[in-house]
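Engineer: One structure is given below, represented as structure tokens, and several questions about it will come after.
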Amino acid sequence: MTDNQVAGFWIRLGANILDGLIVSLPLTIIAGLITGNYENEPISNLIFGLYGILVPVYWNGYTIGKRICGIRIRKFDFLEPPGLGTMLLRNLVAGIVYALTLGIGLIVSIFMVALREDKRSLHDFIAGTEVVYD
């Protein structure tokens, strides 16, 4: 696969599921053992949020799940890995948009990745990114 081939819905979903199983689940269990709170534990949520923002910045656009699936995030116009500002836009600002639209923005993003030729979602447009095969 070439560096220009965009990643579609299923491979991106698979990478997110792997990140959840490999990173978020152990974090939740460890934090739960420490705090006794296994539901919506704020420390594990914060660490997983930081993981989603910082790891792609320092690991060339990859998270663990994306690396396993052979996909990565890159800047759309410059074809380089995302920086901190880009990832803050992609995760935090997009998260706010999804929350303000009561999840409708997330549903629109799913359809965008599934149906658009360029496979870019709302958070990709907000941050100026795309997800491509490595």
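Within each chain, counting starts at residue 1; across the structure tokens, chains are named A, B, ... in the order shown, with ligands numbered 1 upward in that order.
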So which bits of region 8-104 of chain A end up helix (DSSP H, G or I) when you DSSP the backbone, as a PyMOL selection string?
Structural biologist: chain A and resi 9-35+42-58+64-69+84-100+104
Engineer: Write out as a list of chain:residue names each polymer residue whose atoms come within 8 Å of region 78-91 of chain A, counting only C-alpha atoms; drop sequence neighbours fewer than 3 positions from it.
Structural biologist: A:Gly52, A:Ile53, A:Leu54, A:Pro56, A:Val57, A:Asn60, A:Gly61, A:Ile73, A:Arg74, A:Lys75, A:Ala94, A:Gly95, A:His123, A:Asp124, A:Ile126, A:Ala127, A:Gly128, A:Thr129
Engineer: Quick one: pull the distance between CA of Asp134 (chain A) and CA of Gly70 (chain A), Å, one decimal.
Structural biologist: 5.4 Å
Engineer: So, with only C-alpha atoms as the atoms that count, which of A:Ala99, A:Asp19, A:Ala7, A:Lys119 lies closest to Ile68 (chain A)?
Structural biologist: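 Of A:Ala99, A:Asp19, A:Ala7, A:Lys119, the one nearest Ile68 (chain A), counting only C-alpha atoms, is A:Asp19.
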Engineer: Within 9 Å of Asn45 (chain A), counting only C-alpha atoms, which residues qualify if same-chain residues fewer than 3 places away don't, as a ChimeraX atom specification?
Structural biologist: /A:24,27-28,40-42,48-50
Engineer: By how many Å are CA of Gly8 (chain A) and CA of Asp77 (chain A) apart?
Structural biologist: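 Taking CA of Gly8 (chain A) as the start and CA of Asp77 (chain A) as the end point, the length is 18.8 Å.
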Engineer: Using the chain letters and numbers from this document, which residues of chain A does DSSP assign to strand (DSSP E or B), as a list in words?
Structural biologist: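 Filtering chain A to strand (DSSP E or B) leaves Val6, Ile71, Arg72, Ile73, Arg74, Lys75, Thr129, Glu130, Val131, Val132 and Tyr133 of chain A.
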Engineer: Which of these residues is nearest to Val23 (chain A), using only C-alpha atoms: A:Tyr38, A:Tyr51, A:Tyr133, A:Trp59?
Structural biologist: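 The answer is A:Tyr51, which sits nearest to Val23 (chain A).
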Engineer: Could you name the residues that touch region 102-118 of chain A at 7 Å or less, counting only C-alpha atoms, but leaving out those on the same chain fewer than 3 positions away, as a PyMOL selection string?
Structural biologist: chain A and resi 6+8-9+97-99+121-122
Engineer: Output C-alpha atoms of each residue in that selection to a file, as a short mmCIF file (atom, residue, chain, number, x, y, z; two decimals), in the first residue's frame.
Structural biologist:
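Done, and the output landed in selection.cif:
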```
data_model
loop_
_atom_site.label_atom_id
_atom_site.label_comp_id
_atom_site.auth_asym_id
_atom_site.auth_seq_id
_atom_site.Cartn_x
_atom_site.Cartn_y
_atom_site.Cartn_z
CA VAL A 6 -6.33 6.77 2.88
CA GLY A 8 -11.27 3.77 5.75
CA PHE A 9 -13.79 3.26 8.49
CA VAL A 97 -17.93 19.91 18.78
CA TYR A 98 -19.19 16.35 19.21
CA ALA A 99 -20.44 17.12 22.72
CA SER A 121 -13.98 13.00 9.27
CA LEU A 122 -15.03 16.21 11.01
#
```
Engineer: Closest to Gly14 (chain A) among A:Tyr58, A:Thr35, A:Lys66, A:Pro26, using only C-alpha atoms?
Structural biologist: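 Checking each candidate against Gly14 (chain A), we get A:Lys66 as the closest.
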Engineer: Do you have the CA of Glu39 (chain A)-CA of Asn16 (chain A) distance handy?
Structural biologist: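 Calculated distance between CA of Glu39 (chain A) and CA of Asn16 (chain A) is 19.7 Å.
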